[in-house]
file protein05.txt (compact mmCIF, C-alpha atoms)
# COMPACT_ATOMS: atom_id res chain seq x y z
CA MET A 29 -73.39 299.29 -20.93
CA ALA A 30 -75.59 296.24 -21.40
CA GLN A 31 -74.18 292.80 -20.63
CA PHE A 32 -75.51 289.49 -21.99
CA CYS A 33 -75.84 286.00 -20.46
CA LYS A 34 -73.33 283.62 -21.82
CA GLN A 35 -75.88 280.80 -21.56
CA CYS A 36 -78.94 282.20 -23.42
CA GLY A 37 -77.81 285.65 -24.69
CA THR A 38 -80.44 287.62 -22.74
CA ALA A 39 -79.38 291.10 -21.67
CA HIS A 40 -79.01 291.77 -17.92
CA ALA A 41 -78.06 294.70 -15.72
CA PRO A 42 -74.38 295.20 -15.00
CA ASP A 43 -74.84 294.44 -11.33
CA ALA A 44 -77.15 291.42 -11.84
CA ARG A 45 -76.01 288.17 -10.28
CA PHE A 46 -78.32 285.81 -12.23
CA CYS A 47 -79.89 285.80 -15.74
CA ASP A 48 -83.61 286.65 -15.63
CA GLU A 49 -84.28 284.25 -18.52
CA CYS A 50 -82.31 281.04 -17.71
CA GLY A 51 -81.14 281.67 -14.16
CA LYS A 52 -77.41 281.13 -14.88
CA ALA A 53 -75.08 282.97 -12.58
CA VAL A 54 -73.51 286.00 -14.22
CA ASN A 55 -70.73 288.38 -13.16
CA VAL A 56 -68.90 285.46 -11.39
CA ALA A 57 -65.24 286.28 -10.53
CA PRO A 58 -62.82 284.06 -12.40
CA ALA A 59 -61.37 281.23 -10.38
CA PRO A 60 -57.75 281.76 -9.42
CA ALA A 61 -55.24 279.83 -11.51
CA PRO A 62 -54.10 276.61 -9.84
CA VAL A 63 -50.76 276.91 -8.11
CA PRO A 64 -48.44 274.10 -9.21
CA ALA A 65 -47.40 271.78 -6.36
CA SER A 66 -43.96 272.64 -5.17
CA ALA A 67 -41.24 269.96 -5.23
CA PRO A 68 -40.08 268.65 -1.81
CA ALA A 69 -37.28 270.72 -0.40
CA ALA A 70 -33.87 269.21 -1.04
CA ALA A 71 -31.79 268.21 1.98
CA PRO A 72 -29.07 270.70 2.61
CA ALA A 73 -25.70 269.49 1.29
CA LEU A 74 -23.04 268.54 3.82
CA SER A 75 -20.52 271.21 4.28
CA GLY A 76 -16.88 270.42 3.45
CA VAL A 77 -15.95 270.31 7.15
CA LYS A 78 -18.75 267.84 8.00
CA ARG A 79 -17.81 265.64 5.03
CA ARG A 80 -14.21 265.47 6.19
CA HIS A 81 -15.34 264.51 9.68
CA VAL A 82 -17.44 261.64 8.30
CA ILE A 83 -14.52 260.37 6.20
CA ILE A 84 -12.13 260.56 9.16
CA ALA A 85 -14.60 258.76 11.45
CA GLY A 86 -15.01 255.97 8.87
CA GLY A 87 -11.25 255.62 8.53
CA VAL A 88 -10.79 255.43 12.30
CA LEU A 89 -13.47 252.74 12.57
CA ALA A 90 -11.82 250.68 9.81
CA ALA A 91 -8.43 251.07 11.50
CA VAL A 92 -9.89 249.91 14.83
CA ILE A 93 -11.40 246.83 13.18
CA VAL A 94 -8.11 245.95 11.46
CA ALA A 95 -6.10 246.59 14.63
CA GLY A 96 -8.49 244.45 16.65
CA GLY A 97 -8.11 241.58 14.20
CA ALA A 98 -4.32 241.91 14.23
CA LEU A 99 -4.27 242.01 18.04
CA ALA A 100 -6.42 238.89 18.24
CA TRP A 101 -4.02 237.14 15.85
CA LEU A 102 -0.99 238.19 17.90
CA LEU A 103 -2.56 237.06 21.18
CA ALA A 104 -3.63 233.66 19.84
CA PRO A 105 -1.24 230.76 20.67
CA GLU A 106 0.83 229.55 17.74
CA ALA A 107 -0.60 226.35 16.30
CA ALA A 108 1.49 223.19 16.25
CA SER A 109 2.44 222.70 12.62
CA ALA A 110 5.35 221.87 10.36
CA GLY A 111 5.76 225.58 9.68
CA SER A 112 5.82 226.69 13.33
CA PHE A 113 8.22 223.90 14.31
CA SER A 114 10.47 224.62 11.32
CA ARG A 115 10.65 228.29 12.32
CA ALA A 116 11.47 227.39 15.93
CA ILE A 117 14.20 224.90 14.98
CA ASP A 118 15.82 227.28 12.49
CA ALA A 119 15.84 230.02 15.14
CA HIS A 120 17.38 227.62 17.66
CA LEU A 121 20.14 226.49 15.29
CA ALA A 122 20.91 230.06 14.21
CA ALA A 123 21.26 231.26 17.81
CA ASP A 124 23.02 228.26 19.41
CA GLU A 125 26.54 227.71 18.06
CA ALA A 126 27.10 224.68 20.27
CA ALA A 127 23.96 223.03 18.87
CA ARG A 128 25.18 223.67 15.32
CA ASP A 129 28.65 222.33 16.05
CA LYS A 130 27.18 219.18 17.51
CA LEU A 131 25.51 218.51 14.17
CA LEU A 132 28.26 219.76 11.83
CA CYS A 133 31.56 218.87 13.49
CA LEU A 134 33.63 215.72 14.01
CA THR A 135 35.22 215.12 17.41
CA ASN A 136 36.14 211.43 17.15
CA LEU A 137 39.90 212.18 16.85
CA PRO A 138 42.29 214.84 18.24
CA TYR A 139 42.22 216.83 15.01
CA GLN A 140 44.02 219.79 16.57
CA LYS A 141 47.28 217.79 16.81
CA GLU A 142 49.94 218.18 14.14
CA GLU A 143 50.17 214.39 13.82
CA ILE A 144 47.88 211.46 14.49
CA ARG A 145 49.55 208.10 15.03
CA VAL A 146 47.55 204.96 14.30
CA ALA A 147 48.53 201.36 15.00
CA SER A 148 48.77 199.20 11.92
CA TYR A 149 46.05 196.86 13.19
CA ASP A 150 43.57 199.73 13.69
CA SER A 151 42.12 199.47 10.20
CA SER A 152 38.94 201.41 11.01
CA THR A 153 40.80 204.57 12.05
CA ARG A 154 43.20 204.23 9.12
CA GLN A 155 40.32 203.96 6.64
CA TRP A 156 38.78 207.12 8.04
CA LEU A 157 42.03 209.09 7.93
CA ASP A 158 42.64 207.87 4.38
CA ILE A 159 39.33 209.56 3.46
CA LEU A 160 40.68 212.81 4.90
CA VAL A 161 43.92 212.30 2.98
CA ARG A 162 41.92 212.12 -0.25
CA GLY A 163 40.19 215.33 0.84
CA GLY A 164 43.57 217.05 1.15
CA LEU A 165 43.40 217.57 4.93
CA TYR A 166 46.27 215.21 5.76
CA ALA A 167 49.43 214.16 4.00
CA ALA A 168 49.77 210.54 2.91
CA PRO A 169 50.64 208.40 5.96
CA VAL A 170 54.21 207.40 6.74
CA GLU A 171 54.77 203.97 8.29
CA GLN A 172 57.06 203.88 11.32
CA SER A 173 58.11 201.40 13.96
CA SER A 174 57.20 202.13 17.54
CA GLY A 175 60.47 200.58 18.81
CA GLY A 176 60.84 199.07 22.27
CA TRP A 177 60.88 195.46 23.32
CA VAL A 178 57.80 194.66 21.31
CA ALA A 179 58.16 196.63 18.09
CA GLN A 180 54.88 197.58 16.45
CA SER A 181 54.23 199.23 13.13
CA GLN A 182 52.22 202.44 13.10
CA PHE A 183 51.13 205.02 10.55
CA VAL A 184 51.71 208.74 11.06
CA TYR A 185 49.22 211.18 9.49
CA ALA A 186 50.51 214.77 9.35
CA LEU A 187 47.98 217.61 9.32
CA ALA A 188 48.20 219.61 6.07
CA ALA A 189 47.51 223.33 5.62
CA PRO A 190 43.93 222.77 4.33
CA GLY A 191 43.34 220.62 7.38
CA LYS A 192 44.42 223.41 9.73
CA ALA A 193 42.13 225.85 7.92
CA ALA A 194 39.21 223.43 8.26
CA LEU A 195 39.49 223.20 12.06
CA ARG A 196 37.16 225.01 14.43
CA GLY A 197 39.02 224.73 17.71
CA ASP A 198 39.62 221.01 18.15
CA LYS A 199 36.75 220.06 15.86
CA LEU A 200 36.65 219.26 12.15
CA CYS A 201 33.51 220.85 10.71
CA VAL A 202 31.91 220.17 7.34
CA ALA A 203 29.80 223.36 7.09
CA LYS A 204 29.07 226.65 8.83
CA GLY A 205 25.34 226.34 9.01
CA VAL A 206 22.34 224.04 8.88
CA LYS A 207 18.62 224.59 8.38
CA VAL A 208 15.39 222.63 8.31
CA ALA A 209 14.48 220.93 5.04
CA LYS A 210 11.37 219.15 6.35
CA VAL A 211 9.54 218.62 9.62
CA SER A 212 7.49 215.52 10.35
CA GLY A 213 6.08 213.91 13.46
CA TYR A 214 4.73 217.21 14.77
CA ASP A 215 1.43 215.59 15.70
CA GLN A 216 2.91 214.32 18.96
CA VAL A 217 1.57 217.27 20.95
CA ARG A 218 0.73 216.62 24.57
CA ASP A 219 -0.55 218.63 27.53
CA LEU A 220 1.42 218.18 30.74
CA GLY A 221 -0.51 220.19 33.28
CA VAL A 222 -0.65 223.69 31.84
CA GLN A 223 2.41 223.16 29.65
CA GLN A 224 1.98 222.06 26.05
CA VAL A 225 4.94 220.08 24.73
CA ALA A 226 5.80 218.14 21.60
CA MET A 227 8.58 216.24 19.90
CA ALA A 228 9.55 217.42 16.43
CA LYS A 229 11.36 215.20 13.96
CA ALA A 230 13.25 217.27 11.40
CA THR A 231 15.37 216.51 8.35
CA LEU A 232 18.15 219.08 8.00
CA THR A 233 20.25 220.36 5.14
CA LEU A 234 23.72 221.89 5.28
CA THR A 235 24.41 225.51 4.33
CA ASP A 236 27.73 227.13 3.45
CA GLU A 237 29.59 223.81 3.15
CA ALA A 238 33.36 223.73 3.60
CA ALA A 239 35.18 223.62 0.26
CA TRP A 240 37.13 220.46 1.12
CA PHE A 241 33.91 218.67 2.07
CA ALA A 242 31.91 219.83 -0.96
CA LYS A 243 34.65 218.62 -3.32
CA SER A 244 35.41 215.37 -1.50
CA PRO A 245 34.73 212.15 -3.46
CA ASP A 246 33.80 210.57 -0.10
CA ARG A 247 31.16 213.10 0.88
CA ALA A 248 28.54 210.46 1.75
CA LEU A 249 31.00 208.53 3.94
CA ILE A 250 31.98 211.71 5.77
CA LEU A 251 28.34 212.53 6.45
CA GLN A 252 27.90 209.12 8.08
CA ARG A 253 30.58 210.03 10.62
CA LEU A 254 28.67 213.05 11.88
CA PRO A 255 26.75 212.61 15.17
CA ASP A 256 23.51 212.64 13.17
CA GLY A 257 24.81 211.28 9.91
CA ASP A 258 21.38 211.11 8.30
CA LEU A 259 20.81 214.75 9.27
CA GLU A 260 17.62 213.75 11.04
CA VAL A 261 17.08 215.06 14.55
CA ARG A 262 14.40 214.77 17.21
CA LEU A 263 14.04 217.91 19.30
CA PRO A 264 11.80 218.65 22.30
CA MET A 265 9.45 221.61 21.85
CA ALA A 266 7.35 223.65 24.24
CA LEU A 267 4.76 226.38 23.77
CA VAL A 268 6.31 229.31 25.65
CA ASP A 269 4.65 232.74 25.63
CA LYS A 270 2.33 231.40 22.90
CA ARG A 271 5.24 230.60 20.57
CA TRP A 272 6.77 227.18 19.94
CA GLN A 273 10.46 226.93 20.75
CA VAL A 274 13.14 224.27 21.17
CA ILE A 275 13.91 223.53 24.80
CA ASP A 276 16.84 221.74 26.42
CA GLU A 277 17.16 219.62 29.54
CA ALA A 278 18.00 222.64 31.68
CA GLN A 279 14.71 224.23 30.69
CA MET A 280 12.97 220.95 31.40
CA SER A 281 14.47 221.04 34.90
CA GLN A 282 12.99 224.52 35.23
CA ALA A 283 9.64 223.08 34.22
CA ALA A 284 9.98 220.47 36.94
CA MET A 285 10.59 223.21 39.50
CA THR A 286 7.95 225.65 38.30
CA GLY A 287 5.25 223.52 36.74
CA VAL A 288 5.45 225.50 33.52
CA LEU A 289 8.27 227.22 31.65
CA GLY A 290 8.71 230.88 32.48
CA LYS A 291 6.17 230.97 35.36
CA ALA A 292 6.38 231.30 39.13
CA PRO A 293 7.08 228.16 41.22
CA ALA A 294 4.15 225.79 41.45
CA VAL A 295 3.56 222.98 43.91
CA GLN A 296 2.44 220.61 41.16
CA GLY A 297 5.88 220.97 39.50
CA ALA A 298 7.34 218.05 41.44
CA GLY A 299 7.70 215.06 39.15
CA MET A 300 7.13 217.01 35.92
CA LEU A 301 10.69 216.36 34.77
CA ASP A 302 10.09 212.63 35.17
CA LYS A 303 6.90 213.00 33.12
CA LEU A 304 8.71 214.87 30.39
CA LYS A 305 11.53 212.35 30.35
CA SER A 306 9.09 209.47 30.12
CA VAL A 307 7.24 211.17 27.27
CA PHE A 308 10.30 212.01 25.21
CA SER A 309 12.93 209.52 26.44
CA PHE A 310 15.28 212.12 27.91
CA GLY A 311 18.27 211.09 29.92
CA GLY A 312 22.05 211.04 29.94
CA HIS A 313 22.53 208.72 26.95
CA PRO A 314 20.79 207.88 23.66
CA LEU A 315 19.56 204.43 24.73
CA VAL A 316 16.90 205.70 27.12
CA GLY A 317 13.65 203.91 26.31
CA LYS A 318 12.52 200.43 25.32
CA TRP A 319 14.24 198.10 22.83
CA LYS A 320 12.99 194.87 21.30
CA GLY A 321 15.23 191.92 20.45
CA SER A 322 14.85 189.56 17.51
CA LYS A 323 13.08 187.04 19.78
CA GLY A 324 10.57 189.59 21.01
CA ASP A 325 12.22 190.18 24.38
CA ILE A 326 12.13 193.74 25.73
CA LEU A 327 15.14 195.52 27.19
CA GLU A 328 14.59 198.95 28.75
CA PHE A 329 17.12 201.60 29.73
CA THR A 330 16.73 204.60 32.00
CA SER A 331 19.38 207.23 32.64
CA ASP A 332 20.97 205.06 35.37
CA SER A 333 19.58 201.53 35.14
CA ILE A 334 18.68 198.51 33.00
CA ILE A 335 15.27 196.86 33.21
CA GLU A 336 15.05 193.29 31.92
CA ASN A 337 11.99 191.09 32.42
CA GLY A 338 10.73 193.56 35.01
CA ASN A 339 13.95 193.45 37.03
CA ALA A 340 15.89 196.71 37.34
CA SER A 341 19.61 196.96 38.04
CA LYS A 342 21.77 200.05 38.44
CA ALA A 343 24.29 200.71 35.69
CA THR A 344 26.68 203.34 34.39
CA PHE A 345 26.63 204.53 30.77
CA ALA A 346 29.46 206.07 28.77
CA THR A 347 28.80 207.39 25.26
CA GLU A 348 31.42 207.89 22.57
CA ASP A 349 30.24 208.69 19.06
CA ASN A 350 27.48 206.15 18.37
CA VAL A 351 28.67 203.54 20.88
CA VAL A 352 27.31 203.28 24.43
CA THR A 353 29.34 201.25 26.94
CA ILE A 354 27.28 199.86 29.81
CA VAL A 355 28.56 198.47 33.10
CA SER A 356 25.90 196.88 35.31
CA GLU A 357 26.48 196.86 39.07
CA GLU A 358 24.89 193.40 39.24
CA GLY A 359 26.77 192.03 36.27
CA GLY A 360 30.10 191.49 37.96
CA GLY A 361 31.58 194.58 36.32
CA MET A 362 31.47 193.12 32.81
CA ALA A 363 30.86 195.74 30.18
CA MET A 364 28.62 195.41 27.19
CA GLN A 365 28.47 197.77 24.27
CA ILE A 366 25.58 198.87 22.10
CA SER A 367 26.34 200.44 18.72
CA LEU A 368 23.60 202.69 17.38
CA SER A 369 22.72 203.19 13.74
CA ASN A 370 22.66 206.67 12.24
CA SER A 371 18.93 206.94 12.85
CA ASN A 372 19.33 205.80 16.50
CA ASN A 373 16.46 203.35 15.97
CA THR A 374 18.52 200.18 15.43
CA ALA A 375 21.38 198.96 17.59
CA THR A 376 23.76 196.00 17.91
CA LEU A 377 24.51 194.53 21.33
CA THR A 378 28.02 193.10 21.82
CA VAL A 379 29.81 191.59 24.84
CA GLY A 380 33.52 191.02 24.76
CA GLY A 381 33.59 192.03 21.11
CA MET A 382 31.07 189.32 20.14
CA PRO A 383 27.74 190.50 18.63
CA LEU A 384 24.83 188.97 20.55
CA ALA A 385 21.66 190.66 19.32
CA VAL A 386 20.14 193.27 17.07
CA LEU A 387 17.75 195.64 18.85
CA GLN A 388 14.95 197.81 17.51
CA ARG A 389 13.72 200.88 19.37
CA VAL A 390 10.11 200.60 20.55
CA ARG A 391 8.00 203.70 20.00
CA ASP A 392 5.09 204.21 22.40
call {"tool": "encode", "arguments": {"input": "protein05.txt", "output": "structure tokens"}}
result
Amino acid sequence: MAQFCKQCGTAHAPDARFCDECGKAVNVAPAPAPVPASAPAAAPALSGVKRRHVIIAGGVLAAVIVAGGALAWLLAPEAASAGSFSRAIDAHLAADEAARDKLLCLTNLPYQKEEIRVASYDSSTRQWLDILVRGGLYAAPVEQSSGGWVAQSQFVYALAAPGKAALRGDKLCVAKGVKVAKVSGYDQVRDLGVQQVAMAKATLTLTDEAAWFAKSPDRALILQRLPDGDLEVRLPMALVDKRWQVIDEAQMSQAAMTGVLGKAPAVQGAGMLDKLKSVFSFGGHPLVGKWKGSKGDILEFTSDSIIENGNASKATFATEDNVVTIVSEEGGGMAMQISLSNSNNTATLTVGGMPLAVLQRVRD
């Protein structure tokens, strides 16, 4: 069967490879159809088990990061701040009943007795007991004569039932608790060797007040009779085990022996107690420190001596309420008294009952 060239139409043999007329190639096998490019193979999907392992590993890593941050926070020393000092003081007052009673209770009279007898000339004591009479703690006083060769008039105050209920042992207490209302002065942080110490000044507020005290018309006057009538205290603090806490003089003695609270004895501990006392005016009475008179003269007290114009003399100190009685060994045995204000920053010096000077505490 004849075949024809597709170029010029000339017939050619079936087995011819080229056209005899125009030379075009004939009987050429058709080119194979192009194969479409295949898409890149998709990555095999994670199996359910592998996916769970990845999720668990990510969760563990996140937990490690969070735990590491929490551990770093726990190991970091607590910063000195109003908040950290407030927490430490509240914890101290909650745990130490004696410390609370010292702030909340009156011990200036033998309140546990059924009767208190007061001489007619003792107007100060009578005025105070009259306040308690108005509060319902004592019956109205009865005047009696003491009898004897020199008869003297005296007033007898009988303890009433509400008064008995208000007693805590031999003390008359105005509340069951106390807490920090505000902390100031916490910037006085100092390093003594390896021990960090500070003095915190805190204003307190009463909690769970006694009913007789809360209802008393003389509430403000009663508050003034408390050891810290303005409810302002100054407490020594130390950073112990990376947490601030209130310390007492016994712990300070430990610091003097060990060099640092809660550590093994250290040679450098000798003299640390003196350093701490000098920093925070510790001693056996509230006058320890320097005082300035109205004429600019400086009077200094230590726990067992008086320093005046650079001259030191041994003395004994007896404290009752806010009055300190001082007997100097070089003063011929004559006693002088210093009455402190509620804030303990102002005092009046008297000798033989005569006021001689007003003193102001000097802060370093």
call {"tool": "closest_residue", "arguments": {"input": "protein05.txt", "among": "A:Asp124, A:Asp236, A:Asp332, A:Asp48", "to": "Val316 of chain A", "atoms": "all atoms listed in the file"}}
result
A:Asp332
call {"tool": "residues_around", "arguments": {"input": "protein05.txt", "residues": "Gly257 of chain A", "least_positions_apart": "5", "cutoff": "12 Å", "atoms": "only C-alpha atoms", "output": "PDB file with C-alpha atoms, in the coordinates of the input"}}
result
ATOM      1  CA  LYS A 130      27.180 219.180  17.510  1.00  0.00           C
ATOM      2  CA  LEU A 131      25.510 218.510  14.170  1.00  0.00           C
ATOM      3  CA  LEU A 132      28.260 219.760  11.830  1.00  0.00           C
ATOM      4  CA  CYS A 133      31.560 218.870  13.490  1.00  0.00           C
ATOM      5  CA  LEU A 134      33.630 215.720  14.010  1.00  0.00           C
ATOM      6  CA  VAL A 202      31.910 220.170   7.340  1.00  0.00           C
ATOM      7  CA  THR A 231      15.370 216.510   8.350  1.00  0.00           C
ATOM      8  CA  LEU A 232      18.150 219.080   8.000  1.00  0.00           C
ATOM      9  CA  THR A 233      20.250 220.360   5.140  1.00  0.00           C
ATOM     10  CA  LEU A 234      23.720 221.890   5.280  1.00  0.00           C
ATOM     11  CA  ARG A 247      31.160 213.100   0.880  1.00  0.00           C
ATOM     12  CA  ALA A 248      28.540 210.460   1.750  1.00  0.00           C
ATOM     13  CA  LEU A 249      31.000 208.530   3.940  1.00  0.00           C
ATOM     14  CA  ILE A 250      31.980 211.710   5.770  1.00  0.00           C
ATOM     15  CA  LEU A 251      28.340 212.530   6.450  1.00  0.00           C
ATOM     16  CA  GLN A 252      27.900 209.120   8.080  1.00  0.00           C
ATOM     17  CA  ASP A 349      30.240 208.690  19.060  1.00  0.00           C
ATOM     18  CA  ASN A 350      27.480 206.150  18.370  1.00  0.00           C
ATOM     19  CA  LEU A 368      23.600 202.690  17.380  1.00  0.00           C
ATOM     20  CA  SER A 369      22.720 203.190  13.740  1.00  0.00           C
ATOM     21  CA  ASN A 370      22.660 206.670  12.240  1.00  0.00           C
ATOM     22  CA  SER A 371      18.930 206.940  12.850  1.00  0.00           C
ATOM     23  CA  ASN A 372      19.330 205.800  16.500  1.00  0.00           C
TER      24      ASN A 372
END
call {"tool": "residues_around", "arguments": {"input": "protein05.txt", "residues": "segment 351-356 of chain A", "least_positions_apart": "6", "cutoff": "6 Å", "atoms": "only C-alpha atoms", "output": "mmCIF file with C-alpha atoms, in the frame of the given file"}}
result
data_model
loop_
_atom_site.group_PDB
_atom_site.id
_atom_site.type_symbol
_atom_site.label_atom_id
_atom_site.label_comp_id
_atom_site.auth_asym_id
_atom_site.auth_seq_id
_atom_site.Cartn_x
_atom_site.Cartn_y
_atom_site.Cartn_z
ATOM 1 C CA ALA A 343 24.290 200.710 35.690
ATOM 2 C CA THR A 344 26.680 203.340 34.390
ATOM 3 C CA PHE A 345 26.630 204.530 30.770
ATOM 4 C CA ALA A 363 30.860 195.740 30.180
ATOM 5 C CA MET A 364 28.620 195.410 27.190
ATOM 6 C CA GLN A 365 28.470 197.770 24.270
ATOM 7 C CA ILE A 366 25.580 198.870 22.100
ATOM 8 C CA SER A 367 26.340 200.440 18.720
#
call {"tool": "closest_residue", "arguments": {"input": "protein05.txt", "among": "A:Val206, A:Met265, A:Leu160, A:Ala122", "to": "Glu237 of chain A", "atoms": "all atoms listed in the file"}}
result
A:Val206
call {"tool": "atom_distance", "arguments": {"input": "protein05.txt", "atom1": "atom CA of Trp156 of chain A", "atom2": "atom CA of Lys207 of chain A"}}
result
26.7 Å
call {"tool": "closest_residue", "arguments": {"input": "protein05.txt", "among": "A:Glu125, A:Glu143, A:Asp219, A:Asp246", "to": "Gly205 of chain A", "atoms": "all atoms listed in the file"}}
result
A:Glu125
call {"tool": "atom_distance", "arguments": {"input": "protein05.txt", "atom1": "atom CA of Lys318 of chain A", "atom2": "atom CA of Ser331 of chain A"}}
result
12.1 Å
call {"tool": "closest_residue", "arguments": {"input": "protein05.txt", "among": "A:Ala385, A:Ala266, A:Ile84, A:Ile326", "to": "Pro105 of chain A", "atoms": "all atoms listed in the file"}}
result
A:Ala266
call {"tool": "atom_distance", "arguments": {"input": "protein05.txt", "atom1": "atom CA of Leu263 of chain A", "atom2": "atom CA of Ala375 of chain A"}}
result
20.4 Å
call {"tool": "residues_around", "arguments": {"input": "protein05.txt", "residues": "Val390 of chain A", "least_positions_apart": "3", "cutoff": "10 Å", "atoms": "only C-alpha atoms", "output": "number ranges by chain"}}
result
A: 317-320, 326-328, 373-374, 387
call {"tool": "closest_residue", "arguments": {"input": "protein05.txt", "among": "A:Ala44, A:Ala107, A:Leu165, A:Leu200", "to": "Trp240 of chain A", "atoms": "all atoms listed in the file"}}
result
A:Leu165
